[in-house]
file my_file-v9.txt (compact mmCIF, C-alpha atoms)
# COMPACT_ATOMS: atom_id res chain seq x y z
CA MET A 1 -8.08 5.39 78.13
CA PHE A 2 -7.89 5.21 74.35
CA THR A 3 -9.67 7.68 72.13
CA PHE A 4 -12.18 6.67 69.50
CA TRP A 5 -9.73 7.26 66.65
CA GLN A 6 -7.00 5.26 68.36
CA THR A 7 -9.37 2.33 68.65
CA ILE A 8 -10.39 2.66 65.00
CA THR A 9 -6.72 2.81 64.01
CA PHE A 10 -5.97 -0.39 65.89
CA LEU A 11 -8.92 -2.21 64.32
CA LEU A 12 -7.72 -1.13 60.89
CA ILE A 13 -4.23 -2.39 61.71
CA ILE A 14 -5.61 -5.78 62.72
CA TYR A 15 -7.71 -5.96 59.57
CA VAL A 16 -4.87 -5.01 57.25
CA SER A 17 -2.53 -7.37 59.11
CA CYS A 18 -4.90 -10.26 58.47
CA VAL A 19 -4.95 -9.37 54.79
CA ALA A 20 -1.18 -9.07 54.94
CA VAL A 21 -0.77 -12.58 56.29
CA HIS A 22 -2.62 -13.98 53.29
CA LEU A 23 -0.63 -11.85 50.88
CA VAL A 24 2.60 -12.91 52.48
CA LYS A 25 1.73 -16.58 52.35
CA LEU A 26 0.54 -16.35 48.74
CA PHE A 27 3.01 -13.97 47.14
CA LEU A 28 5.84 -12.48 49.19
CA PHE A 29 7.27 -15.47 51.04
CA ARG A 30 6.67 -18.29 48.59
CA ASP A 31 10.39 -19.13 48.53
CA ARG A 32 11.86 -17.45 51.58
CA HIS A 33 14.87 -19.73 52.04
CA SER A 34 16.23 -19.58 48.50
CA GLU A 35 15.70 -15.84 48.18
CA SER A 36 18.65 -13.61 49.02
CA LEU A 37 17.87 -11.11 51.76
CA TRP A 38 20.29 -8.47 50.49
CA PRO A 39 21.48 -7.30 47.07
CA LYS A 40 24.95 -8.70 46.40
CA ASN A 41 26.30 -5.28 45.52
CA ARG A 42 25.03 -3.52 48.64
CA CYS A 43 27.82 -1.48 50.24
CA LYS A 44 26.12 1.06 52.50
CA PRO A 45 25.43 0.35 56.20
CA VAL A 46 22.20 -1.35 57.18
CA LYS A 47 19.72 0.77 59.10
CA THR A 48 18.92 -1.55 62.00
CA LEU A 49 16.12 -1.84 64.54
CA ILE A 50 16.96 -4.04 67.53
CA ILE A 51 14.18 -5.21 69.82
CA MET A 52 15.39 -5.94 73.34
CA GLY A 53 13.33 -8.54 75.18
CA SER A 54 14.02 -8.68 78.90
CA GLY A 55 16.05 -10.70 81.36
CA GLY A 56 17.79 -13.61 79.68
CA HIS A 57 16.57 -12.54 76.24
CA THR A 58 18.39 -9.23 76.66
CA GLY A 59 21.55 -11.07 77.73
CA GLU A 60 21.42 -13.29 74.64
CA MET A 61 20.84 -10.33 72.33
CA VAL A 62 23.75 -8.39 73.86
CA ARG A 63 26.08 -11.36 73.37
CA LEU A 64 24.93 -11.69 69.78
CA LEU A 65 25.36 -7.99 69.04
CA SER A 66 28.82 -7.94 70.58
CA THR A 67 30.02 -10.11 67.67
CA LEU A 68 28.79 -7.70 64.99
CA ASN A 69 30.77 -4.98 63.25
CA PHE A 70 28.66 -1.95 64.11
CA ARG A 71 30.04 0.00 61.15
CA HIS A 72 27.95 -2.26 58.92
CA PHE A 73 24.82 -1.89 61.07
CA SER A 74 24.12 1.79 61.55
CA PRO A 75 22.32 3.79 62.58
CA ARG A 76 20.81 1.56 65.26
CA LEU A 77 17.52 2.04 67.05
CA TYR A 78 16.85 -0.05 70.16
CA LEU A 79 13.28 -0.71 71.28
CA VAL A 80 13.06 -1.31 75.02
CA ALA A 81 10.02 -1.92 77.18
CA ARG A 82 9.25 1.12 79.31
CA THR A 83 9.38 -0.93 82.52
CA ASP A 84 12.67 -2.63 81.59
CA ASP A 85 15.41 -0.43 83.06
CA MET A 86 17.94 -3.26 82.99
CA SER A 87 17.79 -3.64 79.21
CA ALA A 88 18.24 0.09 78.70
CA LYS A 89 21.38 -0.02 80.85
CA ARG A 90 22.72 -3.03 78.94
CA VAL A 91 22.28 -1.13 75.68
CA GLN A 92 24.28 1.81 77.04
CA GLN A 93 27.03 -0.53 78.20
CA LEU A 94 27.13 -2.30 74.85
CA GLU A 95 27.29 0.91 72.84
CA SER A 96 29.93 2.45 75.09
CA SER A 97 32.25 -0.41 74.11
CA HIS A 98 31.98 0.66 70.44
CA ILE A 99 33.55 4.10 70.59
CA SER A 100 34.07 4.28 66.83
CA THR A 101 30.29 4.25 66.23
CA ALA A 102 29.30 6.41 69.19
CA GLY A 103 26.33 8.63 68.44
CA LEU A 104 24.91 6.30 65.80
CA PHE A 105 22.33 4.74 68.09
CA GLN A 106 19.16 5.70 69.88
CA THR A 107 17.02 3.98 72.50
CA VAL A 108 13.23 4.31 72.45
CA SER A 109 10.89 3.02 75.14
CA ILE A 110 7.56 1.42 74.28
CA SER A 111 4.77 -0.10 76.32
CA ARG A 112 5.25 -3.77 77.03
CA SER A 113 2.68 -5.83 75.13
CA ARG A 114 2.29 -8.17 78.09
CA GLU A 115 3.75 -8.15 81.58
CA VAL A 116 4.62 -11.36 83.39
CA HIS A 117 1.47 -12.95 84.89
CA GLN A 118 -0.73 -10.28 83.28
CA SER A 119 -4.26 -11.45 82.54
CA TRP A 120 -5.18 -12.05 78.92
CA ILE A 121 -8.06 -9.55 79.16
CA THR A 122 -5.82 -6.63 80.14
CA THR A 123 -3.20 -7.87 77.68
CA ILE A 124 -5.50 -6.81 74.84
CA VAL A 125 -5.33 -3.21 76.06
CA SER A 126 -1.55 -3.21 76.56
CA PHE A 127 -1.04 -4.91 73.17
CA LEU A 128 -3.18 -2.20 71.57
CA GLN A 129 -1.09 0.55 73.14
CA SER A 130 2.21 -1.08 72.20
CA THR A 131 1.09 -1.61 68.60
CA LEU A 132 0.00 2.00 68.19
CA GLU A 133 3.33 3.21 69.52
CA CYS A 134 5.23 0.91 67.17
CA LEU A 135 3.21 2.15 64.20
CA ARG A 136 4.51 5.67 64.72
CA ILE A 137 8.10 4.58 65.39
CA LEU A 138 8.47 2.23 62.41
CA PHE A 139 6.70 4.54 60.01
CA TYR A 140 9.24 7.29 60.67
CA TYR A 141 12.35 5.15 61.22
CA GLN A 142 11.74 2.56 58.43
CA PRO A 143 14.62 0.16 59.22
CA ASP A 144 16.30 -2.06 56.65
CA LEU A 145 16.79 -4.83 59.22
CA ILE A 146 14.91 -5.86 62.37
CA LEU A 147 16.66 -8.14 64.87
CA CYS A 148 14.63 -9.74 67.64
CA ASN A 149 14.69 -12.76 69.93
CA GLY A 150 11.45 -12.47 71.85
CA PRO A 151 9.49 -12.58 74.03
CA GLY A 152 6.15 -10.97 73.17
CA THR A 153 7.68 -7.48 73.07
CA CYS A 154 8.81 -8.11 69.50
CA VAL A 155 5.39 -9.07 68.12
CA PRO A 156 3.82 -5.56 67.78
CA PRO A 157 6.77 -4.00 65.89
CA CYS A 158 7.02 -7.04 63.60
CA ILE A 159 3.32 -6.83 62.83
CA ILE A 160 3.78 -3.18 61.89
CA ALA A 161 6.80 -4.10 59.76
CA LEU A 162 4.64 -6.63 57.91
CA LEU A 163 1.93 -4.02 57.46
CA LEU A 164 4.37 -1.48 55.98
CA ARG A 165 5.69 -4.15 53.62
CA VAL A 166 2.27 -5.12 52.32
CA LEU A 167 1.37 -1.45 51.82
CA TRP A 168 4.64 -1.03 49.86
CA ILE A 169 5.87 1.66 52.24
CA LYS A 170 9.01 -0.12 53.45
CA ARG A 171 10.35 -3.65 53.18
CA SER A 172 12.22 -4.44 56.38
CA THR A 173 13.98 -7.77 56.70
CA VAL A 174 12.97 -9.45 59.98
CA ILE A 175 15.42 -11.87 61.61
CA PHE A 176 14.22 -13.79 64.67
CA ILE A 177 16.66 -15.74 66.86
CA GLU A 178 15.02 -18.29 69.14
CA SER A 179 16.39 -18.50 72.67
CA ILE A 180 19.15 -21.01 73.44
CA CYS A 181 16.81 -22.36 76.12
CA ARG A 182 14.44 -23.70 73.47
CA VAL A 183 15.70 -27.18 72.61
CA ASN A 184 12.66 -29.19 71.49
CA THR A 185 9.79 -26.74 70.95
CA LEU A 186 9.46 -23.16 69.74
CA SER A 187 8.13 -20.49 72.04
CA LEU A 188 4.73 -18.96 71.25
CA THR A 189 6.50 -15.93 69.85
CA GLY A 190 8.76 -18.22 67.83
CA LYS A 191 5.79 -19.97 66.25
CA LEU A 192 4.26 -16.64 65.24
CA MET A 193 7.55 -15.47 63.79
CA VAL A 194 8.18 -18.69 61.85
CA CYS A 195 4.69 -18.87 60.38
CA PHE A 196 3.92 -15.23 59.65
CA LEU A 197 6.32 -12.47 60.62
CA ALA A 198 10.00 -13.33 60.11
CA ASP A 199 12.02 -13.63 56.91
CA ARG A 200 14.41 -15.92 58.72
CA SER A 201 13.93 -17.73 62.03
CA ILE A 202 17.15 -19.03 63.50
CA VAL A 203 17.30 -21.85 66.05
CA GLN A 204 20.30 -22.99 68.04
CA TRP A 205 19.63 -26.72 68.45
CA PRO A 206 19.55 -29.40 65.72
CA GLU A 207 16.59 -31.08 67.43
CA LEU A 208 14.53 -27.91 67.06
CA HIS A 209 15.51 -27.50 63.42
CA ALA A 210 14.56 -31.10 62.72
CA LYS A 211 11.10 -30.47 64.14
CA TYR A 212 10.70 -27.15 62.32
CA PRO A 213 12.58 -27.53 59.00
CA GLN A 214 11.49 -24.06 57.87
CA THR A 215 13.89 -22.61 60.45
CA VAL A 216 17.61 -22.03 59.96
CA PHE A 217 20.16 -23.83 62.13
CA LEU A 218 23.52 -22.08 62.51
CA GLY A 219 24.74 -23.77 65.67
CA ARG A 220 25.05 -22.05 69.02
CA LEU A 221 25.13 -18.27 68.61
CA VAL A 222 25.16 -17.10 72.23
call {"tool": "encode", "arguments": {"input": "my_file-v9.txt", "output": "structure tokens"}}
result
Amino acid sequence: MFTFWQTITFLLIIYVSCVAVHLVKLFLFRDRHSESLWPKNRCKPVKTLIIMGSGGHTGEMVRLLSTLNFRHFSPRLYLVARTDDMSAKRVQQLESSHISTAGLFQTVSISRSREVHQSWITTIVSFLQSTLECLRILFYYQPDLILCNGPGTCVPPCIIALLLRVLWIKRSTVIFIESICRVNTLSLTGKLMVCFLADRSIVQWPELHAKYPQTVFLGRLV
């Protein structure tokens, strides 16, 4: 059961997030595609937050991460749903293959914003809990880069990232990669990310990019 102050905090987050959406649309993201995400002279590693989805989403994220040079993306913090033991194991396996950067990562469990087949009424409560947990984590970690590929697990931390940006606390670059399974339409999470939350939304099919020209098409990534 949530306390009174936790409920008030969540309502304030929702309110500020709504204000943030308008600010983002009006000022911050007016020209997202032409704007460079990183300073050209940046040489230090990128502090990275990686949001692991579940099931096939975790598999796609692991394949994507396996192509990165971890020396350029460190330290790394992985967000994993508390009920998703498989994703936590995949993270350990992935990191164990990068011995040179061992010790530069951490895994944190959060409440899942919505379980499979969970009713929308109870989803409100679980979404509230997940968002409050993400507020604490992102406020203290303050990543330079957030990588996510869905599903709904990535929405609460990205909302908090947007909130911190609008409050001028930390500007985190959010990169969303839509699943390879999405050929003709974006997922619900993808639509939220494209319209409001992500700096770049990457799709893996030309048909999807043609339908949503505000996305970025880089070919098949996983």
call {"tool": "residues_around", "arguments": {"input": "my_file-v9.txt", "residues": "stretch 197-202 of chain A", "least_positions_apart": "3", "cutoff": "7 Å", "atoms": "only C-alpha atoms", "output": "list in words"}}
result
Arg32, Cys158, Ile159, Leu162, Thr173, Val174, Ile175, Phe176, Ile177, Glu178, Leu192, Met193, Val194, Thr215, Val216 and Phe217 of chain A
call {"tool": "closest_residue", "arguments": {"input": "my_file-v9.txt", "among": "A:Ile121, A:Ile50, A:Leu208, A:Val166", "to": "A:Val91", "atoms": "only C-alpha atoms"}}
result
A:Ile50
call {"tool": "closest_residue", "arguments": {"input": "my_file-v9.txt", "among": "A:Ala81, A:Leu138, A:Cys181, A:Ile160", "to": "A:Leu49", "atoms": "all atoms listed in the file"}}
result
A:Leu138
call {"tool": "closest_residue", "arguments": {"input": "my_file-v9.txt", "among": "A:Asn149, A:Ser87, A:Thr122, A:Ser109", "to": "A:Cys134", "atoms": "only C-alpha atoms"}}
result
A:Ser109
call {"tool": "residues_near_point", "arguments": {"input": "my_file-v9.txt", "point": "(25.4, -2.9, 74.7)", "cutoff": "12 Å", "atoms": "all atoms listed in the file", "output": "PyMOL selection string"}}
result
chain A and resi 50+52+58-68+70+76+78+86-99+102+105-107
call {"tool": "atom_distance", "arguments": {"input": "my_file-v9.txt", "atom1": "atom CA of A:Leu218", "atom2": "atom CA of A:Gln204"}}
result
6.5 Å
call {"tool": "atom_distance", "arguments": {"input": "my_file-v9.txt", "atom1": "atom CA of A:Ile51", "atom2": "atom CA of A:Pro157"}}
result
8.5 Å
call {"tool": "atom_distance", "arguments": {"input": "my_file-v9.txt", "atom1": "atom CA of A:Pro206", "atom2": "atom CA of A:Leu145"}}
result
25.6 Å
